[in-house]
>>> print(open('data20.cif').read())   # mmCIF, C-alpha atoms and all ligand atoms
data_protein
#
loop_
_atom_site.label_atom_id
_atom_site.label_comp_id
_atom_site.auth_asym_id
_atom_site.auth_seq_id
_atom_site.Cartn_x
_atom_site.Cartn_y
_atom_site.Cartn_z
CA MET S 283 -20.82 18.13 1.06
CA LYS S 284 -18.15 19.13 3.54
CA PHE S 285 -14.83 17.52 2.65
CA LEU S 286 -11.69 17.84 4.77
CA ILE S 287 -8.21 16.55 4.11
CA GLY S 288 -6.82 15.22 7.38
CA GLY S 289 -3.59 14.28 5.63
CA GLY S 290 -2.08 12.53 2.63
CA VAL S 291 -2.24 15.37 0.10
CA HIS S 292 1.10 17.01 -0.81
CA GLU S 293 2.74 14.40 1.41
CA HIS S 294 3.46 10.68 1.44
CA GLY S 295 1.78 9.40 4.63
CA ARG S 296 -1.03 10.28 7.08
CA ASN S 297 -3.80 9.50 4.57
CA CYS S 298 -7.10 10.64 6.07
CA PHE S 299 -10.25 12.12 4.54
CA PHE S 300 -13.37 13.40 6.26
CA VAL S 301 -16.80 13.74 4.63
CA GLN S 302 -19.88 15.29 6.21
CA THR S 303 -23.25 15.43 4.49
CA ASP S 304 -26.43 13.67 5.61
CA LYS S 305 -23.94 11.08 6.94
CA THR S 306 -20.47 11.62 8.37
CA TYR S 307 -17.55 9.33 7.67
CA ILE S 308 -13.76 9.13 7.54
CA VAL S 309 -11.67 7.25 4.98
CA ASP S 310 -8.32 5.99 6.32
CA CYS S 311 -6.38 7.21 9.35
CA GLY S 312 -2.66 7.00 8.67
CA VAL S 313 0.40 8.33 10.43
CA MET S 314 3.28 10.36 9.08
CA ARG S 315 6.44 8.67 10.26
CA GLY S 316 9.24 11.03 11.21
CA ASP S 317 6.86 13.98 11.72
CA GLU S 318 6.71 15.85 15.03
CA HIS S 319 2.89 15.81 14.76
CA PRO S 320 2.29 12.52 12.93
CA TYR S 321 -1.52 12.28 13.21
CA PRO S 322 -4.36 13.44 10.93
CA ARG S 323 -5.45 17.07 11.18
CA LEU S 324 -9.00 16.48 12.44
CA THR S 325 -10.63 17.85 15.58
CA GLU S 326 -12.12 15.65 18.30
CA GLU S 327 -15.52 17.06 17.37
CA GLU S 328 -15.13 15.88 13.78
CA ILE S 329 -13.83 12.49 14.86
CA ARG S 330 -16.68 11.94 17.33
CA ALA S 331 -19.22 12.88 14.63
CA ALA S 332 -18.05 10.15 12.26
CA GLU S 333 -20.39 7.16 12.05
CA PHE S 334 -18.04 5.14 9.86
CA LEU S 335 -14.35 4.71 9.26
CA PHE S 336 -13.53 3.09 5.91
CA LEU S 337 -10.04 1.62 5.70
CA THR S 338 -8.60 1.04 2.23
CA HIS S 339 -5.78 -1.29 3.39
CA MET S 340 -3.50 -2.21 6.26
CA HIS S 341 -0.36 -0.15 5.55
CA GLU S 342 0.46 2.20 8.39
CA ASP S 343 0.10 5.36 6.30
CA HIS S 344 -3.61 4.32 6.15
CA ILE S 345 -4.33 2.69 9.53
CA GLY S 346 -1.45 3.73 11.81
CA ALA S 347 -3.49 6.41 13.60
CA PHE S 348 -6.36 4.08 14.52
CA SER S 349 -5.53 3.94 18.25
CA TRP S 350 -5.14 7.72 18.24
CA LEU S 351 -8.58 8.03 16.60
CA LEU S 352 -10.09 5.96 19.43
CA GLU S 353 -8.33 8.16 22.01
CA CYS S 354 -9.92 11.16 20.27
CA GLY S 355 -13.37 9.64 20.77
CA PHE S 356 -14.17 7.76 17.57
CA ARG S 357 -16.98 5.27 18.31
CA GLY S 358 -18.28 4.52 14.81
CA THR S 359 -18.17 1.36 12.74
CA VAL S 360 -14.96 0.38 10.99
CA VAL S 361 -15.58 -0.91 7.46
CA ALA S 362 -12.87 -2.79 5.53
CA ALA S 363 -11.81 -6.13 4.11
CA GLN S 364 -11.53 -8.86 6.75
CA GLU S 365 -7.74 -8.94 6.30
CA THR S 366 -7.45 -5.23 7.06
CA LEU S 367 -9.68 -5.47 10.14
CA ALA S 368 -7.48 -8.31 11.42
CA ALA S 369 -4.48 -5.94 11.42
CA LEU S 370 -6.18 -3.53 13.87
CA PRO S 371 -6.06 -3.53 17.67
CA PRO S 372 -9.22 -5.10 19.18
CA TYR S 373 -12.35 -3.03 18.48
CA GLU S 374 -15.93 -4.25 18.76
CA LYS S 375 -17.75 -2.30 16.01
CA THR S 376 -16.53 -3.59 12.68
CA PHE S 377 -18.09 -4.57 9.37
CA ALA S 378 -16.13 -6.90 7.10
CA LEU S 379 -17.01 -6.36 3.45
CA PRO S 380 -17.91 -9.73 1.90
CA ASP S 381 -15.51 -11.15 -0.69
CA ASP S 382 -18.32 -12.43 -2.90
CA LYS S 383 -20.00 -9.05 -3.40
CA MET S 384 -18.95 -5.61 -4.59
CA THR S 385 -21.54 -3.57 -2.76
CA ALA S 386 -22.89 -3.18 0.77
CA ASP S 387 -25.77 -1.23 2.31
CA LEU S 388 -24.83 0.23 5.67
CA GLY S 389 -28.13 2.00 6.37
CA GLY S 390 -28.45 5.40 4.72
CA LEU S 391 -25.04 4.88 3.18
CA SER S 392 -24.04 2.42 0.52
CA VAL S 393 -20.59 1.47 -0.63
CA ASP S 394 -19.42 -0.15 -3.84
CA TYR S 395 -15.94 -1.60 -3.55
CA GLY S 396 -13.31 -3.43 -5.56
CA ARG S 397 -9.74 -4.67 -5.26
CA SER S 398 -7.17 -1.94 -5.84
CA GLY S 399 -4.21 -4.09 -6.96
CA HIS S 400 -1.95 -2.95 -4.13
CA CYS S 401 -1.79 -5.65 -1.45
CA VAL S 402 -3.91 -8.26 0.34
CA GLY S 403 -7.07 -6.56 1.65
CA ALA S 404 -6.65 -3.41 -0.47
CA LEU S 405 -9.95 -1.94 -1.71
CA TRP S 406 -11.21 1.17 -3.45
CA TYR S 407 -14.53 2.64 -2.30
CA HIS S 408 -17.40 4.45 -3.99
CA ILE S 409 -19.46 5.77 -1.09
CA ARG S 410 -22.96 7.14 -1.60
CA THR S 411 -25.43 8.77 0.74
CA ALA S 412 -28.75 10.43 -0.15
CA GLU S 413 -26.89 13.70 -0.73
CA SER S 414 -23.36 12.74 -1.75
CA SER S 415 -21.21 10.50 -3.89
CA ALA S 416 -17.44 10.16 -3.46
CA LEU S 417 -14.82 7.75 -4.70
CA PHE S 418 -11.56 6.86 -2.93
CA SER S 419 -9.05 4.81 -4.90
CA GLY S 420 -6.88 3.85 -1.92
CA ASP S 421 -3.37 2.90 -3.01
CA TYR S 422 -4.13 1.81 -6.54
CA SER S 423 -2.17 0.01 -9.25
CA GLU S 424 -3.29 -1.66 -12.43
CA HIS S 425 0.23 -2.92 -13.11
CA SER S 426 0.93 -5.27 -10.18
CA ARG S 427 0.45 -9.02 -9.73
CA PHE S 428 -2.35 -8.34 -7.25
CA CYS S 429 -5.88 -8.70 -8.56
CA VAL S 430 -7.55 -5.43 -9.50
CA ASP S 431 -11.18 -4.53 -10.20
CA LYS S 432 -10.62 -1.53 -12.42
CA ILE S 433 -12.36 1.70 -11.53
CA GLU S 434 -14.49 2.46 -14.57
CA GLY S 435 -17.85 3.92 -15.54
CA ARG S 436 -18.28 5.65 -12.17
CA THR S 437 -19.91 9.01 -11.55
CA ALA S 438 -19.16 10.93 -8.38
CA GLU S 439 -18.96 14.52 -7.25
CA LEU S 440 -15.55 13.90 -5.73
CA ALA S 441 -12.71 11.44 -6.37
CA VAL S 442 -9.56 11.06 -4.29
CA LEU S 443 -6.98 9.28 -6.41
CA ASP S 444 -3.59 7.75 -5.60
CA CYS S 445 -0.96 9.70 -7.52
CA ALA S 446 2.11 8.60 -5.54
CA PHE S 447 4.47 8.84 -8.52
CA GLY S 448 3.20 12.33 -9.33
CA HIS S 449 4.23 13.86 -12.63
CA ALA S 450 7.21 11.56 -12.96
CA LYS S 451 6.28 9.38 -15.89
CA TYR S 452 6.20 5.96 -14.37
CA ASP S 453 6.65 3.12 -16.80
CA ALA S 454 6.23 -0.21 -15.00
CA LYS S 455 8.15 -2.15 -17.65
CA VAL S 456 11.11 0.24 -17.60
CA GLN S 457 11.31 0.17 -13.79
CA ALA S 458 11.05 -3.62 -13.74
CA GLU S 459 13.89 -3.90 -16.24
CA ARG S 460 16.06 -1.49 -14.20
CA ILE S 461 15.52 -3.60 -11.08
CA ARG S 462 16.22 -6.84 -12.90
CA ALA S 463 19.42 -5.47 -14.46
CA PHE S 464 20.61 -4.09 -11.11
CA ALA S 465 19.97 -7.42 -9.36
CA GLU S 466 21.62 -9.44 -12.09
CA GLU S 467 24.82 -7.42 -11.72
CA ALA S 468 24.63 -7.16 -7.90
CA VAL S 469 24.56 -10.92 -7.30
CA THR S 470 27.83 -11.35 -9.16
CA ARG S 471 29.47 -9.26 -6.38
CA GLY S 472 27.66 -10.37 -3.23
CA PRO S 473 24.28 -10.97 -1.61
CA LEU S 474 21.39 -8.63 -2.44
CA LEU S 475 18.98 -7.56 0.28
CA LEU S 476 15.51 -6.30 -0.62
CA PRO S 477 13.64 -4.72 2.31
CA VAL S 478 9.92 -4.72 1.43
CA PRO S 479 6.55 -4.51 3.23
CA LYS S 480 5.26 -7.86 4.49
CA ASN S 481 2.09 -7.37 2.48
CA GLY S 482 2.99 -5.69 -0.79
CA ARG S 483 5.33 -5.83 -3.75
CA ALA S 484 7.35 -8.96 -2.84
CA ALA S 485 5.32 -11.19 -5.19
CA ASP S 486 6.02 -8.92 -8.16
CA LEU S 487 9.70 -8.74 -7.28
CA VAL S 488 10.20 -12.48 -6.76
CA MET S 489 8.51 -13.13 -10.11
CA LEU S 490 10.60 -10.44 -11.76
CA LEU S 491 13.87 -11.90 -10.46
CA SER S 492 12.88 -15.54 -10.79
CA GLY S 493 14.91 -16.02 -13.97
CA LEU S 494 18.24 -15.16 -12.31
CA ASP S 495 20.57 -18.03 -11.50
CA CYS S 496 20.76 -17.46 -7.74
CA PRO S 497 18.89 -18.57 -4.63
CA ILE S 498 15.99 -16.36 -3.54
CA SER S 499 14.93 -16.38 0.09
CA LEU S 500 12.03 -14.93 2.08
CA ASP S 501 12.23 -14.16 5.79
CA LYS S 502 9.81 -15.80 8.25
CA LYS S 503 7.15 -13.11 7.98
CA LEU S 504 7.10 -13.18 4.17
CA THR S 505 7.09 -16.98 4.12
CA ALA S 506 4.10 -16.99 6.49
CA PHE S 507 2.40 -14.34 4.35
CA PHE S 508 2.71 -16.36 1.12
CA GLU S 509 1.83 -19.64 2.87
CA GLY S 510 -1.29 -17.86 4.13
CA GLN S 511 -2.29 -16.93 0.57
CA ARG S 512 -1.79 -20.42 -0.81
CA GLY S 513 -4.97 -21.64 -2.52
CA ASN S 514 -6.71 -18.29 -1.92
CA GLY S 515 -7.05 -16.48 -5.24
CA ARG S 516 -8.95 -13.49 -3.89
CA TRP S 517 -5.96 -11.12 -3.77
CA LEU S 518 -3.09 -12.83 -5.56
CA PRO S 519 -3.79 -15.31 -8.35
CA VAL S 520 -3.23 -18.85 -7.04
CA ASN S 521 -0.61 -19.54 -9.70
CA VAL S 522 1.40 -16.46 -8.65
CA THR S 523 1.50 -17.55 -5.00
CA ASP S 524 2.48 -21.06 -6.06
CA ALA S 525 5.17 -19.72 -8.40
CA VAL S 526 6.66 -17.56 -5.62
CA LEU S 527 6.79 -20.46 -3.15
CA THR S 528 8.24 -22.79 -5.78
CA ARG S 529 10.85 -20.25 -6.87
CA VAL S 530 12.16 -19.62 -3.35
CA ARG S 531 12.80 -23.33 -2.90
CA ARG S 532 14.94 -23.46 -6.01
CA GLY S 533 18.69 -22.86 -5.69
CA GLY S 534 21.16 -21.22 -8.05
CA THR S 535 24.88 -20.62 -8.36
CA GLY S 536 25.08 -16.85 -7.75
CA HIS S 537 24.92 -14.95 -4.47
CA GLU S 538 21.58 -14.93 -2.67
CA ILE S 539 18.73 -12.48 -3.08
CA ALA S 540 17.10 -12.11 0.34
CA PHE S 541 13.69 -10.52 0.90
CA LEU S 542 13.11 -8.98 4.30
CA ALA S 543 9.72 -7.81 5.62
CA ASP S 544 11.06 -4.54 7.01
CA ALA S 545 10.80 -1.87 4.31
CA GLN S 546 12.29 0.94 6.42
CA LEU S 547 14.88 -1.26 8.21
CA ALA S 548 13.14 -0.26 11.44
CA THR S 549 14.05 -3.41 13.40
CA GLU S 550 17.43 -4.44 14.81
CA GLN S 551 17.16 -7.61 12.73
CA GLY S 552 16.64 -5.53 9.60
CA ARG S 553 19.57 -3.23 10.35
CA ALA S 554 21.79 -6.26 11.08
CA ALA S 555 20.79 -7.91 7.80
CA ALA S 556 21.67 -4.74 5.89
CA ARG S 557 25.03 -4.40 7.68
CA GLU S 558 25.87 -8.02 6.96
CA ALA S 559 24.96 -7.79 3.27
CA LEU S 560 27.11 -4.66 2.85
CA GLU S 561 30.05 -6.14 4.78
CA ARG S 562 30.01 -9.13 2.46
CA GLY S 563 30.33 -6.87 -0.57
CA GLY S 564 26.62 -7.08 -1.28
CA SER S 565 23.91 -4.52 -1.96
CA VAL S 566 20.71 -3.16 -0.47
CA LEU S 567 17.97 -2.28 -2.96
CA LEU S 568 15.02 -0.13 -1.88
CA THR S 569 11.97 -0.33 -4.12
CA GLY S 570 9.43 1.84 -2.29
CA HIS S 571 9.02 5.05 -0.31
CA THR S 572 11.62 5.71 2.40
CA ASP S 573 10.38 7.37 5.58
CA GLU S 574 12.15 10.44 6.86
CA GLY S 575 14.66 9.57 9.56
CA SER S 576 14.52 5.82 8.84
CA GLU S 577 17.55 3.56 8.59
CA ALA S 578 16.59 2.90 4.95
CA GLU S 579 16.81 6.63 4.25
CA ARG S 580 20.12 6.90 6.11
CA LEU S 581 21.70 4.16 3.97
CA LEU S 582 20.35 5.83 0.86
CA LEU S 583 21.73 9.26 1.81
CA GLU S 584 25.10 7.70 2.58
CA GLY S 585 25.14 6.12 -0.86
CA ARG S 586 25.17 2.62 0.63
CA ALA S 587 21.73 1.59 -0.59
CA ARG S 588 20.23 2.02 -4.03
CA ALA S 589 16.62 3.07 -4.76
CA ILE S 590 14.63 1.98 -7.81
CA PRO S 591 10.88 2.46 -7.18
CA PHE S 592 8.49 -0.32 -8.07
CA ASN S 593 4.90 -0.20 -9.25
CA ALA S 594 2.53 -0.47 -6.32
CA HIS S 595 0.95 2.95 -7.01
CA SER S 596 -0.30 5.21 -9.79
CA CYS S 597 1.27 8.19 -11.56
CA MET S 598 -0.49 11.15 -13.19
CA GLU S 599 -0.54 9.41 -16.56
CA ASP S 600 -2.35 6.42 -14.99
CA ASP S 601 -4.83 8.79 -13.33
CA GLU S 602 -5.48 10.63 -16.58
CA ALA S 603 -6.40 7.31 -18.21
CA LEU S 604 -8.65 6.50 -15.24
CA LEU S 605 -10.32 9.92 -15.37
CA ALA S 606 -11.08 9.48 -19.06
CA ARG S 607 -13.28 6.44 -18.34
CA ASN S 608 -15.09 7.85 -15.31
CA ASN S 609 -17.08 10.97 -14.56
CA PHE S 610 -15.83 12.89 -11.53
CA ALA S 611 -16.79 16.53 -10.90
CA ARG S 612 -13.80 17.22 -8.63
CA VAL S 613 -10.55 15.34 -8.21
CA VAL S 614 -8.03 15.39 -5.37
CA PHE S 615 -4.71 13.63 -5.95
CA ASN S 616 -3.06 12.16 -2.89
CA HIS S 617 0.07 10.35 -1.76
CA SER S 618 2.63 12.64 -3.44
CA LYS S 619 4.65 15.69 -2.47
CA ASP S 620 4.70 16.79 -6.11
CA VAL S 621 0.99 17.04 -6.89
ZN ZN S 701 -0.11 1.09 0.75
ZN ZN S 702 -0.22 4.43 1.08
#
>>> encode(input="data20.cif", output="structure tokens", more="lines below")
Ligand SMILES: [Zn+2]
Ligand SMILES: [Zn+2]
Amino acid sequence: MKFLIGGGVHEHGRNCFFVQTDKTYIVDCGVMRGDEHPYPRLTEEEIRAAEFLFLTHMHEDHIGAFSWLLECGFRGTVVAAQETLAALPPYEKTFALPDDKMTADLGGLSVDYGRSGHCVGALWYHIRTAESSALFSGDYSEHSRFCVDKIEGRTAELAVLDCAFGHAKYDAKVQAERIRAFAEEAVTRGPLLLPVPKNGRAADLVMLLSGLDCPISLDKKLTAFFEGQRGNGRWLPVNVTDAVLTRVRRGGTGHEIAFLADAQLATEQGRAAAREALERGGSVLLTGHTDEGSEAERLLLEGRARAIPFNAHSCMEDDEALLARNNFARVVFNHSKDV
């Protein structure tokens, strides 16, 4: 089995993996924001040879290079959850993995899949051909509010596992308590702005902060996202979606906690919201990765924003537990500079 890393190992971004055996396929095609050469390190020959592109989820470090891949000559079938396919530019050859199954036969290649606990549409893949067997966790968390089908009892010659938190011991409960304590204090001084991905950790964070006596608001994109999940328990439990929507309608006496679907503060609206919160004596709390050169990173470096990471990924300790209940001959850890 020929296995190439197009990106995503020893870096946070550009996730892309290439496998060539009796079949040829690619898993994910992300970009590396802030990099002079942001695209995966694959040749046009390799890209044209790929019959399939499996996408684990819709975040741009996993799908952001899709248009580039087409420009390089990719003409294969894109395989993903329906929600992930919907986030792509128009493309005619797609295969949406059914929600009511956990396996699909694609002709000479079969894929088992399950929810990876990271966001709507996020899946892990166990891909088998006559001559190969490889598992890709995608961005994977067993600690979030998103539904997860745990990876267990699997045998493969290769596993690529999310290890975004690296060797830093990541304790979800400790991090959650740090965020809650920070927010509780922050709203006594002014508004608190939380820039987050549209599809990601907002549900966990709203639930975490729901006990505080202050209004919680979602911007338009996040409101539409949660409204879209209402009654659909496939990715977020129905009661979690309902609890989030109920909580944001409730008031409170403290300053407001505002969620904004712009994790890197890349939009003018996002930058303006951050400026306004800070001018009013408030705070900006970053709970995920900050891209190099982003406004979020600038505020952090200037000491005007605070960063407390939240649990949408795995750390080495999580991966060690996962490895103990599976059988993988070789393991590649991705998504971290430290591993
Ligand atoms: Zn992600
Ligand atoms: Zn990612």
>>> atom_distance(input="data20.cif", atom1="CA of Trp406 in chain S", atom2="CA of Glu602 in chain S")
17.2 Å
>>> residues_around(input="data20.cif", residues="Glu327 in chain S", least_positions_apart="5", cutoff="12 Å", atoms="all atoms listed in the file", output="ChimeraX atom specification")
/S:300,306,332,351,354-357
>>> residues_around(input="data20.cif", residues="range 422-425 of chain S", least_positions_apart="2", cutoff="7 Å", atoms="only C-alpha atoms", output="PyMOL selection string")
chain S and resi 398-400+419-420+427+430+444+454+593-596
>>> closest_atom_pairs(input="data20.cif", of="chain S", to="ligand ZN 701 (chain S)", cutoff="9 Å", atoms="all atoms listed in the file", output="JSON lines")
{"residue": "S:Thr338", "atom": "CA", "partner": "S:ZN701", "partner_atom": "ZN", "distance": 8.6}
{"residue": "S:His339", "atom": "CA", "partner": "S:ZN701", "partner_atom": "ZN", "distance": 6.7}
{"residue": "S:Met340", "atom": "CA", "partner": "S:ZN701", "partner_atom": "ZN", "distance": 7.3}
{"residue": "S:His341", "atom": "CA", "partner": "S:ZN701", "partner_atom": "ZN", "distance": 5.0}
{"residue": "S:Glu342", "atom": "CA", "partner": "S:ZN701", "partner_atom": "ZN", "distance": 7.7}
{"residue": "S:Asp343", "atom": "CA", "partner": "S:ZN701", "partner_atom": "ZN", "distance": 7.0}
{"residue": "S:His344", "atom": "CA", "partner": "S:ZN701", "partner_atom": "ZN", "distance": 7.2}
{"residue": "S:His400", "atom": "CA", "partner": "S:ZN701", "partner_atom": "ZN", "distance": 6.6}
{"residue": "S:Cys401", "atom": "CA", "partner": "S:ZN701", "partner_atom": "ZN", "distance": 7.3}
{"residue": "S:Ala404", "atom": "CA", "partner": "S:ZN701", "partner_atom": "ZN", "distance": 8.0}
{"residue": "S:Gly420", "atom": "CA", "partner": "S:ZN701", "partner_atom": "ZN", "distance": 7.8}
{"residue": "S:Asp421", "atom": "CA", "partner": "S:ZN701", "partner_atom": "ZN", "distance": 5.3}
{"residue": "S:Tyr422", "atom": "CA", "partner": "S:ZN701", "partner_atom": "ZN", "distance": 8.4}
{"residue": "S:Asn481", "atom": "CA", "partner": "S:ZN701", "partner_atom": "ZN", "distance": 8.9}
{"residue": "S:Gly482", "atom": "CA", "partner": "S:ZN701", "partner_atom": "ZN", "distance": 7.6}
{"residue": "S:Ala594", "atom": "CA", "partner": "S:ZN701", "partner_atom": "ZN", "distance": 7.7}
{"residue": "S:His595", "atom": "CA", "partner": "S:ZN701", "partner_atom": "ZN", "distance": 8.0}
>>> closest_residue(input="data20.cif", among="S:Leu443, S:Ala416, S:Val621, S:Val522", to="ligand ZN 702 (chain S)", atoms="only C-alpha atoms and all ligand atoms")
S:Leu443
>>> residues_around(input="data20.cif", residues="Ala458 in chain S", least_positions_apart="5", cutoff="10 Å", atoms="only C-alpha atoms", output="PyMOL selection string")
chain S and resi 453+463-464+486-487+490-491+590-593
>>> closest_residue(input="data20.cif", among="S:Ala362, S:Leu504, S:Ala559, S:Cys298", to="ligand ZN 702 (chain S)", atoms="only C-alpha atoms and all ligand atoms")
S:Cys298
>>> atom_distance(input="data20.cif", atom1="CA of Lys619 in chain S", atom2="CA of Leu583 in chain S")
18.7 Å
>>> closest_residue(input="data20.cif", among="S:Val478, S:Asp524, S:Asn609, S:Asp495", to="Gly552 in chain S", atoms="all atoms listed in the file")
S:Val478
>>> atom_distance(input="data20.cif", atom1="CA of Val313 in chain S", atom2="CA of Gly346 in chain S")
5.1 Å
>>> residues_around(input="data20.cif", residues="Gly295 in chain S", least_positions_apart="3", cutoff="12 Å", atoms="only C-alpha atoms", output="PyMOL selection string")
chain S and resi 288-292+298+310-317+320-322+341-347+421+444+446+571-574+616-619
>>> closest_residue(input="data20.cif", among="S:Glu466, S:Glu365, S:Glu318, S:Asp601", to="Gln511 in chain S", atoms="only C-alpha atoms")
S:Glu365
>>> closest_residue(input="data20.cif", among="S:Leu405, S:Ala386, S:Leu335, S:Ala368", to="ligand ZN 702 (chain S)", atoms="all atoms listed in the file")
S:Leu405
>>> decode(input="data20.cif", residues="range 532-557 of chain S", atoms="N, CA and C atoms", output="PDB file, in the first residue's frame")
ATOM      1  N   ARG S 532     -33.924  32.748  26.865  1.00  0.00           N
ATOM      2  CA  ARG S 532     -34.076  33.158  28.254  1.00  0.00           C
ATOM      3  C   ARG S 532     -33.185  34.373  28.534  1.00  0.00           C
ATOM      4  N   GLY S 533     -33.610  35.256  29.387  1.00  0.00           N
ATOM      5  CA  GLY S 533     -32.816  36.452  29.697  1.00  0.00           C
ATOM      6  C   GLY S 533     -31.842  36.210  30.831  1.00  0.00           C
ATOM      7  N   GLY S 534     -31.595  37.271  31.609  1.00  0.00           N
ATOM      8  CA  GLY S 534     -30.667  37.190  32.734  1.00  0.00           C
ATOM      9  C   GLY S 534     -30.246  38.597  33.088  1.00  0.00           C
ATOM     10  N   THR S 535     -29.665  38.774  34.246  1.00  0.00           N
ATOM     11  CA  THR S 535     -29.384  40.138  34.709  1.00  0.00           C
ATOM     12  C   THR S 535     -27.963  40.595  34.379  1.00  0.00           C
ATOM     13  N   GLY S 536     -27.060  39.692  34.087  1.00  0.00           N
ATOM     14  CA  GLY S 536     -25.667  40.082  33.814  1.00  0.00           C
ATOM     15  C   GLY S 536     -25.489  40.610  32.395  1.00  0.00           C
ATOM     16  N   HIS S 537     -24.247  40.897  32.031  1.00  0.00           N
ATOM     17  CA  HIS S 537     -23.949  41.284  30.651  1.00  0.00           C
ATOM     18  C   HIS S 537     -24.151  40.077  29.736  1.00  0.00           C
ATOM     19  N   GLU S 538     -24.264  40.355  28.451  1.00  0.00           N
ATOM     20  CA  GLU S 538     -24.598  39.300  27.493  1.00  0.00           C
ATOM     21  C   GLU S 538     -23.389  38.440  27.086  1.00  0.00           C
ATOM     22  N   ILE S 539     -23.674  37.170  26.853  1.00  0.00           N
ATOM     23  CA  ILE S 539     -22.698  36.297  26.188  1.00  0.00           C
ATOM     24  C   ILE S 539     -23.176  36.123  24.756  1.00  0.00           C
ATOM     25  N   ALA S 540     -22.354  36.570  23.805  1.00  0.00           N
ATOM     26  CA  ALA S 540     -22.762  36.525  22.393  1.00  0.00           C
ATOM     27  C   ALA S 540     -21.892  35.538  21.625  1.00  0.00           C
ATOM     28  N   PHE S 541     -22.541  34.600  20.943  1.00  0.00           N
ATOM     29  CA  PHE S 541     -21.837  33.645  20.086  1.00  0.00           C
ATOM     30  C   PHE S 541     -21.855  34.150  18.646  1.00  0.00           C
ATOM     31  N   LEU S 542     -20.706  34.087  18.018  1.00  0.00           N
ATOM     32  CA  LEU S 542     -20.558  34.605  16.661  1.00  0.00           C
ATOM     33  C   LEU S 542     -19.942  33.514  15.782  1.00  0.00           C
ATOM     34  N   ALA S 543     -20.571  33.228  14.642  1.00  0.00           N
ATOM     35  CA  ALA S 543     -20.074  32.168  13.755  1.00  0.00           C
ATOM     36  C   ALA S 543     -18.938  32.690  12.876  1.00  0.00           C
ATOM     37  N   ASP S 544     -17.828  33.016  13.506  1.00  0.00           N
ATOM     38  CA  ASP S 544     -16.667  33.537  12.785  1.00  0.00           C
ATOM     39  C   ASP S 544     -15.442  33.292  13.675  1.00  0.00           C
ATOM     40  N   ALA S 545     -14.988  32.036  13.711  1.00  0.00           N
ATOM     41  CA  ALA S 545     -13.989  31.609  14.691  1.00  0.00           C
ATOM     42  C   ALA S 545     -12.687  32.396  14.606  1.00  0.00           C
ATOM     43  N   GLN S 546     -12.315  32.821  13.395  1.00  0.00           N
ATOM     44  CA  GLN S 546     -11.031  33.523  13.228  1.00  0.00           C
ATOM     45  C   GLN S 546     -11.221  35.038  13.166  1.00  0.00           C
ATOM     46  N   LEU S 547     -12.454  35.513  13.341  1.00  0.00           N
ATOM     47  CA  LEU S 547     -12.790  36.944  13.174  1.00  0.00           C
ATOM     48  C   LEU S 547     -12.326  37.408  11.791  1.00  0.00           C
ATOM     49  N   ALA S 548     -12.686  36.639  10.787  1.00  0.00           N
ATOM     50  CA  ALA S 548     -12.244  36.899   9.414  1.00  0.00           C
ATOM     51  C   ALA S 548     -13.117  37.935   8.712  1.00  0.00           C
ATOM     52  N   THR S 549     -14.332  38.156   9.201  1.00  0.00           N
ATOM     53  CA  THR S 549     -15.238  39.087   8.525  1.00  0.00           C
ATOM     54  C   THR S 549     -15.212  40.458   9.198  1.00  0.00           C
ATOM     55  N   GLU S 550     -15.613  41.481   8.452  1.00  0.00           N
ATOM     56  CA  GLU S 550     -15.687  42.834   9.030  1.00  0.00           C
ATOM     57  C   GLU S 550     -16.678  42.836  10.191  1.00  0.00           C
ATOM     58  N   GLN S 551     -17.767  42.110  10.023  1.00  0.00           N
ATOM     59  CA  GLN S 551     -18.774  42.028  11.092  1.00  0.00           C
ATOM     60  C   GLN S 551     -18.166  41.416  12.364  1.00  0.00           C
ATOM     61  N   GLY S 552     -17.359  40.396  12.184  1.00  0.00           N
ATOM     62  CA  GLY S 552     -16.712  39.746  13.321  1.00  0.00           C
ATOM     63  C   GLY S 552     -15.736  40.680  14.017  1.00  0.00           C
ATOM     64  N   ARG S 553     -14.927  41.375  13.217  1.00  0.00           N
ATOM     65  CA  ARG S 553     -13.948  42.307  13.794  1.00  0.00           C
ATOM     66  C   ARG S 553     -14.666  43.427  14.535  1.00  0.00           C
ATOM     67  N   ALA S 554     -15.778  43.919  13.941  1.00  0.00           N
ATOM     68  CA  ALA S 554     -16.537  45.006  14.578  1.00  0.00           C
ATOM     69  C   ALA S 554     -17.135  44.541  15.906  1.00  0.00           C
ATOM     70  N   ALA S 555     -17.639  43.300  15.925  1.00  0.00           N
ATOM     71  CA  ALA S 555     -18.228  42.768  17.158  1.00  0.00           C
ATOM     72  C   ALA S 555     -17.164  42.664  18.253  1.00  0.00           C
ATOM     73  N   ALA S 556     -15.965  42.244  17.875  1.00  0.00           N
ATOM     74  CA  ALA S 556     -14.879  42.130  18.856  1.00  0.00           C
ATOM     75  C   ALA S 556     -14.484  43.515  19.374  1.00  0.00           C
ATOM     76  N   ARG S 557     -14.342  44.477  18.456  1.00  0.00           N
ATOM     77  CA  ARG S 557     -14.003  45.857  18.860  1.00  0.00           C
ATOM     78  C   ARG S 557     -15.032  46.389  19.837  1.00  0.00           C
TER      79      ARG S 557
END
